[in-house]
Amino acid sequence: MIIGIFGCAANESSVVENGVFNFRNGKQTPFEEIQSGDIIFQTSLSNQSKAIQIATKSKYSHMGLIYQKGNRFYVYEAVQPVKLTPLLQWIKRGENGHFVIKRLKNSAQILTPKNLAKMKVAGEKYLSKSYDSKFQWSDDKMYCSELVWKIYKEVFDIEIGKLEKIKDFDLSDKRVEKKVKERYGNRLPLDELVITPDRMFNSNLLKTVVIN
């Protein structure tokens, strides 16, 4: 049920006045520039972020799906656990408050109210699932880009970003080697399918709508 995603208690962390969305860092963005179904990217401050950036050669290491309810914006994200987070709380967790919001180029045709409702229903089954620190391509646990990719795939049969395998990444850096050893020991599944924030960020299906 859709109510499950929006049923969590959350402090209001955004203010909308006269059609302007006011970020706490002073940045102002027109309200209509942010929409449900948008995809937001940031550089996480988590202890695994640097390893992800190095292995995938990407600036961005975390992402989520934006939903709007009234004048409130939230990010549906796979952390521990999968949950809905107020947008500004989500932004605050990133490096220097920097983020980029992207949207399907044909969003006017795809992200209709009816289809957005379908997205929320599709995402409901992942709510409260544990974070997948081993990046396995199953639905038992979820990581950030996997969550967003699978929702778009299930609802619209759209693949945002190319799937890769763990063996495609640069695993030679010492910081990456350390994380790999912590997560997998000596049994690294090189053929495991993975979708990275970088591949989704650079998808030609998306356009940039907000950069902060």
# chains A, B, ... in the order shown; residues from 1 in each chain; ligands from 1

$ closest_atom_pairs --of "range 102-128 of chain A" --to "range 196-200 of chain A" --cutoff "12 Å" --atoms "only C-alpha atoms" --output "CSV"
residue,atom,partner,partner_atom,distance
A:Lys102,CA,A:Met200,CA,9.7
A:Arg103,CA,A:Met200,CA,10.9
A:Leu104,CA,A:Met200,CA,11.1

$ write_last_selection --atoms "C-alpha atoms" --output "PDB file, in the first residue's frame"
ATOM      1  CA  LYS A 102      18.043  14.152 -12.716  1.00  0.00           C
ATOM      2  CA  ARG A 103      14.827  13.211 -14.497  1.00  0.00           C
ATOM      3  CA  LEU A 104      13.678  11.079 -17.408  1.00  0.00           C
TER       4      LEU A 104
END

$ residues_around --residues "Ala122 in chain A" --least-positions-apart "3" --cutoff "12 Å" --atoms "only C-alpha atoms" --output "JSON, numbers by chain"
{"A": [1, 2, 4, 5, 115, 116, 117, 118, 119, 125, 126, 127, 147, 148, 149, 150, 151, 152, 153, 154, 155, 156]}

$ residues_around --residues "Asn212 in chain A" --least-positions-apart "4" --cutoff "7 Å" --atoms "only C-alpha atoms" --output "VMD selection string"
chain A and resid 98 to 100

$ atom_distance --atom1 "CA of Lys167 in chain A" --atom2 "CA of Asp139 in chain A"
21.2 Å

$ closest_residue --among "A:Ile54, A:Ile34, A:Ile40, A:Met142" --to "Val194 in chain A" --atoms "only C-alpha atoms"
A:Met142

$ select_by_dssp --residues "range 103-186 of chain A" --states "strand (DSSP E)" --output "NGL selection string"
:A and (103-104 or 164-165)

$ write_last_selection --atoms "C-alpha atoms" --output "mmCIF file, in the first residue's frame"
data_model
loop_
_atom_site.group_PDB
_atom_site.id
_atom_site.type_symbol
_atom_site.label_atom_id
_atom_site.label_comp_id
_atom_site.auth_asym_id
_atom_site.auth_seq_id
_atom_site.Cartn_x
_atom_site.Cartn_y
_atom_site.Cartn_z
ATOM 1 C CA ARG A 103 14.827 13.211 -14.497
ATOM 2 C CA LEU A 104 13.678 11.079 -17.408
ATOM 3 C CA GLU A 164 27.896 -4.544 -15.035
ATOM 4 C CA LYS A 165 29.702 -7.251 -13.119
#

$ residues_around --residues "range 81-91 of chain A" --least-positions-apart "3" --cutoff "6 Å" --atoms "only C-alpha atoms" --output "list in words"
Ser13, Phe73, Tyr74, Val75, Tyr76, Glu77, Ala78, Gly94, Gly97, Leu127, Ser128, Lys129, Ser130 and Tyr131 of chain A

$ decode --residues "range 19-158 of chain A" --atoms "C-alpha atoms" --output "compact mmCIF listing (two decimals), in the first residue's frame"
# COMPACT_ATOMS: atom_id res chain seq x y z
CA GLY A 19 6.63 28.74 -4.95
CA VAL A 20 10.30 28.60 -3.89
CA PHE A 21 11.97 25.66 -2.18
CA ASN A 22 14.42 27.01 0.39
CA PHE A 23 17.45 24.87 1.22
CA ARG A 24 19.20 25.45 4.53
CA ASN A 25 22.41 26.51 2.80
CA GLY A 26 20.59 29.50 1.32
CA LYS A 27 20.04 27.96 -2.10
CA GLN A 28 16.61 28.64 -3.55
CA THR A 29 15.04 26.41 -6.17
CA PRO A 30 11.64 26.95 -7.83
CA PHE A 31 9.18 24.47 -6.35
CA GLU A 32 8.15 23.11 -9.74
CA GLU A 33 11.74 22.15 -10.62
CA ILE A 34 11.58 19.21 -8.19
CA GLN A 35 9.10 16.43 -8.94
CA SER A 36 8.15 12.98 -7.74
CA GLY A 37 10.09 10.36 -9.64
CA ASP A 38 13.23 12.50 -9.88
CA ILE A 39 16.53 10.78 -9.07
CA ILE A 40 18.97 12.50 -6.71
CA PHE A 41 22.71 11.84 -6.41
CA GLN A 42 25.30 12.81 -3.81
CA THR A 43 28.75 11.88 -2.54
CA SER A 44 28.17 9.98 0.67
CA LEU A 45 30.26 10.52 3.80
CA SER A 46 30.01 6.84 4.73
CA ASN A 47 33.21 4.87 5.30
CA GLN A 48 32.67 2.86 2.12
CA SER A 49 32.06 5.87 -0.14
CA LYS A 50 35.67 6.42 -1.20
CA ALA A 51 36.09 2.78 -2.16
CA ILE A 52 32.94 2.93 -4.29
CA GLN A 53 34.15 6.11 -6.00
CA ILE A 54 37.53 4.57 -6.80
CA ALA A 55 36.21 1.22 -7.99
CA THR A 56 33.52 2.74 -10.21
CA LYS A 57 35.50 5.88 -11.16
CA SER A 58 32.56 8.00 -10.08
CA LYS A 59 32.14 11.20 -8.11
CA TYR A 60 28.80 10.02 -6.75
CA SER A 61 28.38 7.11 -4.36
CA HIS A 62 24.78 7.40 -3.14
CA MET A 63 21.39 8.08 -4.71
CA GLY A 64 17.67 7.82 -4.14
CA LEU A 65 14.22 8.45 -5.57
CA ILE A 66 12.36 11.68 -4.77
CA TYR A 67 8.70 11.65 -3.75
CA GLN A 68 6.55 14.68 -2.98
CA LYS A 69 3.66 14.76 -0.55
CA GLY A 70 2.03 18.17 -0.27
CA ASN A 71 4.85 20.67 0.23
CA ARG A 72 7.20 18.04 1.60
CA PHE A 73 9.91 16.24 -0.33
CA TYR A 74 11.36 12.88 0.64
CA VAL A 75 14.04 10.56 -0.70
CA TYR A 76 13.26 6.86 -0.89
CA GLU A 77 16.65 5.28 -0.31
CA ALA A 78 18.41 2.04 0.48
CA VAL A 79 20.41 2.61 3.65
CA GLN A 80 19.97 0.61 6.84
CA PRO A 81 17.13 -0.08 6.36
CA VAL A 82 15.36 0.98 3.15
CA LYS A 83 13.34 4.01 4.17
CA LEU A 84 11.89 7.39 3.27
CA THR A 85 14.05 10.32 4.40
CA PRO A 86 13.15 14.05 4.37
CA LEU A 87 15.00 15.64 1.46
CA LEU A 88 17.03 18.18 3.39
CA GLN A 89 18.01 15.60 5.98
CA TRP A 90 19.21 13.44 3.09
CA ILE A 91 21.17 16.33 1.52
CA LYS A 92 22.80 17.16 4.85
CA ARG A 93 24.37 13.71 4.98
CA GLY A 94 26.26 14.29 1.73
CA GLU A 95 29.62 15.90 1.09
CA ASN A 96 29.40 19.71 1.33
CA GLY A 97 25.66 19.59 0.75
CA HIS A 98 26.28 18.96 -2.95
CA PHE A 99 23.69 17.06 -4.96
CA VAL A 100 22.39 16.65 -8.48
CA ILE A 101 18.78 15.88 -9.42
CA LYS A 102 18.04 14.15 -12.72
CA ARG A 103 14.83 13.21 -14.50
CA LEU A 104 13.68 11.08 -17.41
CA LYS A 105 13.83 13.10 -20.61
CA ASN A 106 10.29 11.97 -21.49
CA SER A 107 9.01 12.38 -17.94
CA ALA A 108 5.88 14.27 -19.01
CA GLN A 109 4.65 11.12 -20.74
CA ILE A 110 5.99 8.59 -18.24
CA LEU A 111 5.72 10.12 -14.77
CA THR A 112 1.98 10.68 -14.70
CA PRO A 113 0.10 10.66 -11.37
CA LYS A 114 -1.17 7.15 -12.15
CA ASN A 115 2.32 5.86 -12.91
CA LEU A 116 3.83 7.57 -9.88
CA ALA A 117 1.30 5.71 -7.75
CA LYS A 118 2.48 2.48 -9.39
CA MET A 119 6.07 3.38 -8.53
CA LYS A 120 5.20 3.82 -4.88
CA VAL A 121 3.39 0.50 -4.82
CA ALA A 122 6.32 -1.24 -6.54
CA GLY A 123 8.76 0.28 -4.07
CA GLU A 124 6.65 -0.70 -1.08
CA LYS A 125 7.92 -4.29 -1.08
CA TYR A 126 11.46 -3.07 -0.40
CA LEU A 127 10.53 -0.86 2.55
CA SER A 128 12.48 -1.78 5.72
CA LYS A 129 14.70 -4.30 3.92
CA SER A 130 18.28 -4.39 5.16
CA TYR A 131 21.06 -2.64 3.29
CA ASP A 132 23.02 -4.97 1.01
CA SER A 133 26.69 -4.37 1.77
CA LYS A 134 27.71 -7.17 -0.62
CA PHE A 135 25.84 -5.68 -3.59
CA GLN A 136 24.07 -8.90 -4.52
CA TRP A 137 21.51 -8.92 -7.33
CA SER A 138 18.65 -10.31 -5.29
CA ASP A 139 15.63 -8.73 -3.61
CA ASP A 140 16.50 -10.03 -0.14
CA LYS A 141 18.54 -6.92 0.64
CA MET A 142 18.97 -3.68 -1.31
CA TYR A 143 21.63 -1.08 -2.09
CA CYS A 144 20.92 2.44 -3.28
CA SER A 145 21.22 2.24 -7.06
CA GLU A 146 19.68 -1.23 -7.16
CA LEU A 147 16.53 0.08 -5.45
CA VAL A 148 15.96 2.90 -7.94
CA TRP A 149 16.94 0.80 -10.97
CA LYS A 150 14.57 -2.03 -10.07
CA ILE A 151 11.60 0.27 -9.44
CA TYR A 152 11.98 1.89 -12.86
CA LYS A 153 12.52 -1.49 -14.50
CA GLU A 154 9.50 -3.11 -12.88
CA VAL A 155 7.04 -0.28 -13.47
CA PHE A 156 8.14 1.03 -16.88
CA ASP A 157 10.49 -1.66 -18.23
CA ILE A 158 13.10 1.11 -18.42
